[in-house]
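Shown next: structure20.csv, given as CSV, C-alpha atoms and all ligand atoms.
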```
chain,number,residue,atom,x,y,z
F,1130,MET,CA,0.0,0.0,0.0
F,1131,SER,CA,1.3,3.4,-0.8
F,1132,ASP,CA,1.5,6.3,1.6
F,1133,ALA,CA,-1.3,8.7,0.6
F,1134,ARG,CA,0.7,11.7,1.7
F,1135,HIS,CA,3.0,11.2,-1.3
F,1136,HIS,CA,0.1,11.9,-3.6
F,1137,GLU,CA,-1.1,15.1,-1.9
F,1138,ALA,CA,-0.9,18.3,-4.0
F,1139,PRO,CA,2.4,20.1,-3.6
F,1140,HIS,CA,2.4,23.2,-1.4
F,1141,PRO,CA,2.9,26.3,-3.6
F,1142,ASP,CA,2.2,28.4,-0.5
F,1143,ALA,CA,5.0,27.1,1.6
F,1144,PRO,CA,6.4,30.1,3.5
F,1145,HIS,CA,9.7,29.7,1.5
F,1146,TYR,CA,7.9,30.4,-1.8
F,1147,VAL,CA,5.7,33.1,-0.4
F,1148,ALA,CA,8.8,35.0,0.9
F,1149,ALA,CA,10.5,34.5,-2.5
F,1150,ARG,CA,7.4,35.8,-4.3
F,1151,VAL,CA,7.2,38.9,-2.0
F,1152,GLN,CA,10.9,39.6,-2.6
F,1153,ARG,CA,10.4,39.4,-6.3
F,1154,ALA,CA,7.4,41.6,-6.3
F,1155,LEU,CA,9.3,44.3,-4.3
F,1156,ALA,CA,12.0,44.2,-7.0
F,1157,GLU,CA,9.7,44.1,-10.0
F,1158,ASP,CA,6.7,46.2,-9.0
F,1159,ASP,CA,6.7,49.7,-10.5
F,1160,ARG,CA,5.7,51.1,-7.1
F,1161,THR,CA,8.8,49.8,-5.3
F,1162,HIS,CA,11.7,48.5,-7.4
F,1163,GLU,CA,13.5,47.8,-4.1
F,1164,LEU,CA,16.2,45.1,-4.4
F,1165,GLY,CA,17.6,45.0,-1.0
F,1166,ILE,CA,14.6,44.2,1.2
F,1167,ARG,CA,14.8,41.0,3.3
F,1168,VAL,CA,11.6,39.1,3.7
F,1169,ASP,CA,11.1,36.5,6.5
F,1170,ILE,CA,7.9,34.6,7.3
F,1171,ARG,CA,7.2,32.9,10.7
F,1172,GLY,CA,3.8,31.3,10.8
F,1173,ASP,CA,1.3,34.0,9.7
F,1174,GLN,CA,3.7,36.9,10.4
F,1175,LEU,CA,5.7,38.5,7.6
F,1176,TYR,CA,8.8,40.7,8.5
F,1177,LEU,CA,10.3,43.2,6.2
F,1178,ARG,CA,13.8,44.6,6.8
F,1179,GLY,CA,16.1,46.9,4.9
F,1180,LYS,CA,16.6,50.5,4.0
F,1181,VAL,CA,14.8,52.8,1.6
F,1182,GLU,CA,15.3,56.5,0.8
F,1183,GLY,CA,12.0,58.0,2.0
F,1184,GLY,CA,8.8,57.5,4.2
F,1185,GLU,CA,6.5,57.0,1.2
F,1186,ARG,CA,8.7,54.3,-0.2
F,1187,ARG,CA,8.6,52.6,3.2
F,1188,ARG,CA,4.8,52.5,3.1
F,1189,GLN,CA,4.8,51.3,-0.5
F,1190,VAL,CA,7.1,48.3,0.4
F,1191,ALA,CA,4.6,47.2,3.0
F,1192,ALA,CA,1.6,47.7,0.6
F,1193,VAL,CA,3.2,45.6,-2.1
F,1194,ALA,CA,4.2,42.9,0.4
F,1195,GLY,CA,0.7,42.8,1.9
F,1196,GLU,CA,-0.9,42.4,-1.6
F,1197,THR,CA,1.5,39.7,-2.6
F,1198,ALA,CA,1.0,37.7,0.6
F,1199,PRO,CA,-2.7,38.2,1.6
F,1200,GLY,CA,-3.6,36.8,5.0
F,1201,LEU,CA,-0.2,37.4,6.6
F,1202,THR,CA,0.4,40.2,9.1
F,1203,VAL,CA,3.1,42.5,7.8
F,1204,HIS,CA,5.6,43.9,10.2
F,1205,ASN,CA,7.3,46.8,8.5
F,1206,GLU,CA,10.8,47.0,10.1
F,1207,VAL,CA,12.2,48.8,7.0
F,1208,THR,CA,14.0,52.1,8.0
F,1209,VAL,CA,14.6,55.3,6.0
F,1210,VAL,CA,18.3,55.9,5.1
F,1211,GLU,CA,19.8,58.6,7.3
F,1212,VAL,CA,21.8,61.3,5.5
F,1213,ARG,CA,24.1,63.0,8.0
F,1214,GLU,CA,26.7,65.8,7.4
F,1215,PRO,CA,29.6,64.8,5.1
F,1216,GLY,CA,32.0,64.5,8.0
F,1217,GLU,CA,35.8,63.9,8.1
F,1218,GLU,CA,37.7,63.4,4.9
F,1219,GLU,CA,40.0,60.4,4.4
F,1220,THR,CA,43.5,60.9,3.2
F,1221,LEU,CA,44.7,58.2,0.8
R,963,MET,CA,49.6,68.8,-5.1
R,964,LYS,CA,46.4,67.3,-3.8
R,965,ILE,CA,42.9,66.9,-4.7
R,966,ARG,CA,39.8,66.3,-2.6
R,967,VAL,CA,37.3,63.9,-4.3
R,968,ALA,CA,33.7,63.9,-3.0
R,969,ALA,CA,31.8,60.7,-3.9
R,970,VAL,CA,28.3,59.2,-3.4
R,971,GLY,CA,26.2,56.6,-5.1
R,972,ASP,CA,22.7,55.2,-5.0
R,973,VAL,CA,20.9,58.4,-4.3
R,974,HIS,CA,17.8,56.8,-6.1
R,975,LEU,CA,16.1,60.1,-6.6
R,976,GLY,CA,12.4,60.4,-7.4
R,977,GLU,CA,9.5,62.8,-7.2
R,978,ASP,CA,8.9,61.9,-3.5
R,979,ILE,CA,12.3,63.1,-2.3
R,980,ARG,CA,12.9,65.9,-4.8
R,981,GLY,CA,15.2,68.6,-3.5
R,982,ARG,CA,16.1,66.7,-0.3
R,983,TYR,CA,19.6,65.6,-1.4
R,984,ARG,CA,20.4,69.0,-2.9
R,985,ARG,CA,20.3,70.6,0.5
R,986,THR,CA,23.1,68.4,1.7
R,987,LEU,CA,25.4,69.7,-1.1
R,988,ASP,CA,25.5,73.2,0.4
R,989,GLY,CA,29.1,74.2,0.9
R,990,ILE,CA,30.5,71.3,-1.0
R,991,GLU,CA,33.1,73.7,-2.5
R,992,GLU,CA,34.6,74.1,1.0
R,993,ARG,CA,35.1,70.4,1.4
R,994,ALA,CA,35.9,69.0,-2.1
R,995,ASP,CA,37.2,69.9,-5.5
R,996,VAL,CA,35.0,67.5,-7.6
R,997,LEU,CA,31.9,65.4,-7.0
R,998,LEU,CA,31.7,61.8,-8.4
R,999,ILE,CA,28.4,59.9,-8.5
R,1000,ALA,CA,28.6,56.1,-8.7
R,1001,GLY,CA,25.3,55.4,-10.4
R,1002,ASP,CA,21.7,54.4,-9.4
R,1003,LEU,CA,20.7,58.0,-9.7
R,1004,THR,CA,17.1,57.1,-10.1
R,1005,ARG,CA,14.7,54.3,-9.0
R,1006,HIS,CA,13.0,53.5,-12.3
R,1007,GLY,CA,15.3,55.1,-14.9
R,1008,THR,CA,12.6,57.2,-16.5
R,1009,PRO,CA,13.3,60.6,-18.2
R,1010,GLU,CA,11.1,62.2,-15.6
R,1011,GLU,CA,13.4,61.0,-12.9
R,1012,GLY,CA,16.4,61.9,-15.0
R,1013,ARG,CA,15.2,65.5,-15.0
R,1014,ILE,CA,14.9,65.4,-11.2
R,1015,VAL,CA,18.5,64.2,-11.0
R,1016,ALA,CA,19.7,66.9,-13.4
R,1017,GLU,CA,18.0,69.6,-11.2
R,1018,GLU,CA,19.5,68.1,-8.0
R,1019,PHE,CA,23.1,68.2,-9.3
R,1020,ARG,CA,23.2,71.1,-11.8
R,1021,ASP,CA,25.1,74.4,-11.3
R,1022,LEU,CA,27.2,73.1,-8.4
R,1023,PRO,CA,30.4,75.1,-7.6
R,1024,VAL,CA,32.5,72.0,-8.3
R,1025,PRO,CA,32.6,69.8,-11.5
R,1026,VAL,CA,30.2,66.7,-11.3
R,1027,VAL,CA,31.0,63.4,-13.1
R,1028,THR,CA,28.7,60.4,-12.9
R,1029,VAL,CA,28.1,56.9,-14.2
R,1030,LEU,CA,24.7,55.2,-14.6
R,1031,GLY,CA,23.6,52.2,-12.5
R,1032,ASN,CA,21.3,49.3,-13.1
R,1033,HIS,CA,18.2,51.2,-11.9
R,1034,ASP,CA,18.9,53.9,-14.5
R,1035,TYR,CA,18.5,51.2,-17.2
R,1036,GLN,CA,15.1,49.9,-15.9
R,1037,SER,CA,13.0,51.9,-18.4
R,1038,ASP,CA,15.2,51.5,-21.5
R,1039,ALA,CA,15.8,55.2,-21.4
R,1040,GLU,CA,19.4,55.3,-20.3
R,1041,GLU,CA,20.6,57.3,-23.2
R,1042,GLU,CA,17.9,59.9,-22.7
R,1043,VAL,CA,18.7,60.1,-19.0
R,1044,ALA,CA,22.4,60.5,-19.8
R,1045,ASP,CA,21.6,63.3,-22.3
R,1046,LEU,CA,19.4,65.2,-19.8
R,1047,LEU,CA,22.4,65.1,-17.3
R,1048,ARG,CA,24.8,66.3,-19.9
R,1049,GLU,CA,22.5,69.2,-20.8
R,1050,ALA,CA,22.7,70.2,-17.1
R,1051,GLY,CA,26.5,70.2,-17.2
R,1052,ILE,CA,27.0,66.9,-15.6
R,1053,GLN,CA,29.6,64.6,-17.3
R,1054,VAL,CA,28.5,61.0,-17.8
R,1055,LEU,CA,31.1,58.3,-18.3
R,1056,GLN,CA,30.1,55.4,-20.4
R,1057,ASP,CA,33.1,53.2,-20.7
R,1058,ASP,CA,35.3,56.1,-21.6
R,1059,SER,CA,37.5,58.7,-19.9
R,1060,THR,CA,37.7,62.4,-19.2
R,1061,ILE,CA,40.1,64.8,-17.5
R,1062,VAL,CA,38.8,67.3,-15.1
R,1063,GLU,CA,40.9,70.3,-13.9
R,1064,CYS,CA,40.2,70.8,-10.3
R,1065,GLY,CA,40.9,73.2,-7.5
R,1066,PRO,CA,43.0,76.4,-7.4
R,1067,ASP,CA,46.1,74.5,-8.6
R,1068,GLY,CA,44.4,73.1,-11.7
R,1069,VAL,CA,45.2,69.5,-10.7
R,1070,ARG,CA,44.4,67.2,-13.6
R,1071,LEU,CA,42.1,64.4,-12.4
R,1072,GLY,CA,41.8,61.6,-15.0
R,1073,LEU,CA,38.5,59.6,-14.7
R,1074,VAL,CA,37.7,56.3,-16.4
R,1075,GLY,CA,34.6,54.2,-15.9
R,1076,GLY,CA,31.0,53.4,-16.6
R,1077,LYS,CA,28.3,51.2,-15.2
R,1078,GLY,CA,30.4,48.0,-14.9
R,1079,PHE,CA,28.6,44.7,-14.5
R,1080,GLY,CA,28.6,41.4,-12.5
R,1081,GLY,CA,29.8,37.8,-12.9
R,1082,GLY,CA,31.4,37.2,-9.6
R,1083,PHE,CA,34.9,36.9,-8.2
R,1084,ALA,CA,38.0,34.9,-9.1
R,1085,GLY,CA,37.5,31.1,-8.6
R,1086,LYS,CA,33.8,31.5,-7.9
R,1087,CYS,CA,32.5,33.2,-11.0
R,1088,ALA,CA,30.6,32.7,-14.2
R,1089,SER,CA,32.5,32.1,-17.5
R,1090,GLU,CA,31.8,32.5,-21.2
R,1091,PHE,CA,30.6,28.9,-21.6
R,1092,GLY,CA,27.5,27.1,-22.5
R,1093,GLU,CA,24.2,28.8,-23.4
R,1094,PRO,CA,24.2,32.0,-25.4
R,1095,GLU,CA,22.6,33.8,-22.4
R,1096,MET,CA,25.4,32.8,-20.1
R,1097,LYS,CA,28.0,33.8,-22.7
R,1098,ALA,CA,26.4,37.2,-23.2
R,1099,PHE,CA,26.3,37.9,-19.5
R,1100,VAL,CA,30.0,37.3,-19.0
R,1101,ARG,CA,31.0,38.9,-22.3
R,1102,HIS,CA,29.2,42.1,-21.3
R,1103,THR,CA,31.5,42.4,-18.3
R,1104,ARG,CA,34.6,41.4,-20.2
R,1105,GLU,CA,34.0,44.0,-22.9
R,1106,ILE,CA,33.5,46.7,-20.3
R,1107,ALA,CA,36.7,45.7,-18.6
R,1108,ASP,CA,38.6,45.8,-21.9
R,1109,LEU,CA,37.3,49.3,-22.6
R,1110,TRP,CA,38.4,50.5,-19.2
R,1111,GLN,CA,41.8,49.1,-19.6
R,1112,LYS,CA,42.3,50.8,-23.0
R,1113,ALA,CA,41.0,54.1,-21.6
R,1114,LEU,CA,43.4,53.9,-18.6
R,1115,LYS,CA,46.3,53.1,-20.9
R,1116,GLY,CA,46.1,56.4,-22.7
R,1117,LEU,CA,45.1,58.6,-19.8
R,1118,ASP,CA,47.8,61.1,-18.8
R,1119,ALA,CA,46.8,62.9,-15.6
R,1120,ASP,CA,48.1,63.8,-12.1
R,1121,TYR,CA,45.7,61.3,-10.5
R,1122,ARG,CA,43.6,58.5,-12.0
R,1123,VAL,CA,40.3,57.4,-10.5
R,1124,VAL,CA,38.0,54.7,-11.7
R,1125,LEU,CA,34.2,55.4,-11.3
R,1126,SER,CA,31.9,52.4,-11.5
R,1127,HIS,CA,28.5,51.2,-10.3
R,1128,TYR,CA,29.4,47.6,-9.8
R,1129,SER,CA,32.2,46.4,-7.4
R,1130,PRO,CA,35.6,45.1,-8.5
R,1131,VAL,CA,36.2,43.2,-5.2
R,1132,LYS,CA,34.4,41.3,-2.5
R,1133,ASP,CA,35.8,43.4,0.4
R,1134,THR,CA,33.2,46.1,0.0
R,1135,LEU,CA,30.4,43.6,-0.3
R,1136,ALA,CA,30.7,42.2,3.2
R,1137,GLY,CA,27.2,42.4,4.7
R,1138,GLU,CA,25.5,41.4,1.5
R,1139,PRO,CA,24.3,37.7,1.1
R,1140,LEU,CA,27.1,35.6,-0.4
R,1141,GLU,CA,24.7,34.1,-2.9
R,1142,ILE,CA,24.2,37.5,-4.7
R,1143,TYR,CA,27.9,38.4,-5.0
R,1144,PRO,CA,27.9,37.5,-8.8
R,1145,PHE,CA,25.2,40.2,-9.3
R,1146,LEU,CA,27.1,42.8,-7.4
R,1147,GLY,CA,30.4,42.9,-9.3
R,1148,SER,CA,33.2,41.2,-11.1
R,1149,TYR,CA,36.9,40.6,-10.5
R,1150,LEU,CA,37.4,41.4,-14.3
R,1151,LEU,CA,37.0,45.0,-13.4
R,1152,ALA,CA,39.7,44.9,-10.8
R,1153,GLU,CA,42.0,42.9,-13.1
R,1154,ALA,CA,41.7,45.5,-15.9
R,1155,VAL,CA,42.4,48.4,-13.5
R,1156,ASP,CA,45.2,46.7,-11.7
R,1157,SER,CA,47.0,46.0,-15.0
R,1158,GLU,CA,47.2,49.8,-15.8
R,1159,GLY,CA,47.2,51.3,-12.3
R,1160,ALA,CA,45.0,53.9,-10.7
R,1161,ASP,CA,44.9,55.8,-7.4
R,1162,LEU,CA,41.3,55.0,-6.3
R,1163,PHE,CA,38.3,52.8,-7.4
R,1164,ILE,CA,34.9,54.2,-6.5
R,1165,HIS,CA,31.7,52.1,-6.7
R,1166,GLY,CA,28.2,51.8,-5.3
R,1167,HIS,CA,25.4,49.2,-5.9
R,1168,ALA,CA,26.0,47.2,-2.7
R,1169,HIS,CA,23.6,49.0,-0.3
R,1170,ALA,CA,24.4,46.6,2.6
R,1171,GLY,CA,28.1,46.4,2.0
R,1172,GLU,CA,31.1,48.2,3.5
R,1173,GLU,CA,32.9,51.3,2.5
R,1174,LYS,CA,36.5,50.2,2.4
R,1175,GLY,CA,38.4,47.6,0.4
R,1176,VAL,CA,41.5,47.1,-1.8
R,1177,THR,CA,42.1,45.3,-5.2
R,1178,PRO,CA,44.6,42.4,-5.4
R,1179,GLY,CA,47.0,44.9,-7.0
R,1180,GLY,CA,46.7,47.3,-4.0
R,1181,ILE,CA,44.4,50.0,-5.4
R,1182,ARG,CA,42.1,51.4,-2.7
R,1183,VAL,CA,38.3,50.6,-3.3
R,1184,ARG,CA,35.5,52.6,-1.8
R,1185,ASN,CA,31.8,51.7,-1.8
R,1186,VAL,CA,30.0,55.0,-1.6
R,1187,ALA,CA,26.4,53.7,-1.7
R,1188,LEU,CA,24.4,56.2,0.3
R,1189,PRO,CA,23.0,53.6,2.8
R,1190,VAL,CA,26.6,52.4,3.4
R,1191,LEU,CA,28.0,56.0,4.0
R,1192,GLY,CA,25.0,57.2,6.1
R,1193,ARG,CA,26.3,60.7,5.2
R,1194,ALA,CA,25.8,63.0,2.3
R,1195,TYR,CA,29.0,62.1,0.6
R,1196,ALA,CA,32.5,60.8,1.4
R,1197,VAL,CA,35.6,62.9,0.8
R,1198,TYR,CA,38.9,61.3,-0.2
R,1199,CYS,CA,42.0,63.3,-0.4
R,1200,LEU,CA,44.6,62.2,-3.0
R,1201,GLY,CA,48.1,63.4,-2.7
R,1202,GLY,CA,47.7,63.9,1.0
R,1203,GLU,CA,51.0,62.3,2.1
R,1204,ASP,CA,52.2,65.8,2.6
R,1205,PRO,CA,50.7,66.6,6.0
R,1206,GLU,CA,50.3,70.3,5.0
R,1207,SER,CA,48.2,69.5,1.9
R,1208,CYS,CA,44.8,68.2,3.1
B,1301,FE,FE,21.3,51.1,-5.7
B,1302,FE,FE,22.5,49.2,-8.3
```
Starting from the file, give its structure as structure tokens.
Amino acid sequence: MSDARHHEAPHPDAPHYVAARVQRALAEDDRTHELGIRVDIRGDQLYLRGKVEGGERRRQVAAVAGETAPGLTVHNEVTVVEVREPGEEETL
Amino acid sequence: MKIRVAAVGDVHLGEDIRGRYRRTLDGIEERADVLLIAGDLTRHGTPEEGRIVAEEFRDLPVPVVTVLGNHDYQSDAEEEVADLLREAGIQVLQDDSTIVECGPDGVRLGLVGGKGFGGGFAGKCASEFGEPEMKAFVRHTREIADLWQKALKGLDADYRVVLSHYSPVKDTLAGEPLEIYPFLGSYLLAEAVDSEGADLFIHGHAHAGEEKGVTPGGIRVRNVALPVLGRAYAVYCLGGEDPESC
């Protein structure tokens, strides 16, 4: 007798694939084009980490992630790049 | 004879942050003699964003030289973006060279560079083998490296700086996932520059990398991506061995 579990449908929604799909959407969606955002999924929680250049971009990243992974709670831990004074020069 | 080189990359300008970066350039002439921009000027590479970049960097009191980055190619409008920048007085290197006379002493700064490309690093890289797509990927980098080498060979200047978007070494990628190194740069860029010599290699693209590295031939490498610097721009003083000079 064969084990029925071997014949179950594959799991296209395994967290691994969902995270990959979100990362790809963040890179390819016209609203974001963000390549450096890290996406982690733990249970039904989705975590976004990385840096963007402005507050509106930070919000768009969460919006695109939420649309791509409906049903998950998005934690937007992305920060806005700080631009401080130029500071000390380096002599080479 | 010294020169102070300001450098930044990956400003990724767009409508939402228009004018914000410009404010940080106030007083740049006090700190530097020239400003180099290491690509990824825009997010989407549209002509509209190109105009925003041109406004942000036009009419500065120091010469401005830039290369494009991968984001500036996203909308297939890279030539139009480059033309908009040139119309605003910004020089755009595209696998060629230029000489900029800088500062009160008229120091001749020779610049070579362009976007660059990926492929990976010696011993762990792609090669021109197999499918045409693979060959084309690596050939693109090799052709760029060849052009830079030729441009450096004929470049007679007081100092020579290479300006790129992609990295020539792994040093400045530390902090990025190892798996994406082949998309962040290529050792072919370092090899080409090491063979002719230069005083400094500036790049961007690796937002999570580190600022400082060195090529196998001993040329200093600096990753000036804005998220790496965390400051408006870095300033590197060439010819500063004379303690009086910088
Ligand atoms: Fe970038
Ligand atoms: Fe880039």
*Give the residues close to ligand FE 1301 (chain B), within 6 Å, counting all atoms listed in the file; write them as a ChimeraX atom specification.*
/R:972,1002,1167
*Give as a PyMOL selection string the residues surrounding ligand FE 1302 (chain B) up to a distance of 9 Å, considering all atoms listed in the file.*
(chain F and resi 1164) or (chain R and resi 971-972+1001-1002+1030-1034+1127-1128+1146+1166-1169+1187)
*Contact residues (chain F, partner chain R, 10 Å, all atoms listed in the file) as a ChimeraX atom specification*: /F:1157,1159-1165,1179-1186,1209-1221
*Radius query 8 Å about (4.0, 38.0, 4.9), atoms used: all atoms listed in the file, as a list of chain:residue names*: F:Val1147, F:Ala1148, F:Val1151, F:Val1168, F:Asp1169, F:Ile1170, F:Asp1173, F:Gln1174, F:Leu1175, F:Tyr1176, F:Ala1194, F:Gly1195, F:Ala1198, F:Pro1199, F:Gly1200, F:Leu1201, F:Thr1202, F:Val1203
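Going from CA of Glu1095 in chain R over to CA of Gly1076 in chain R, you cover 22.1 Å.
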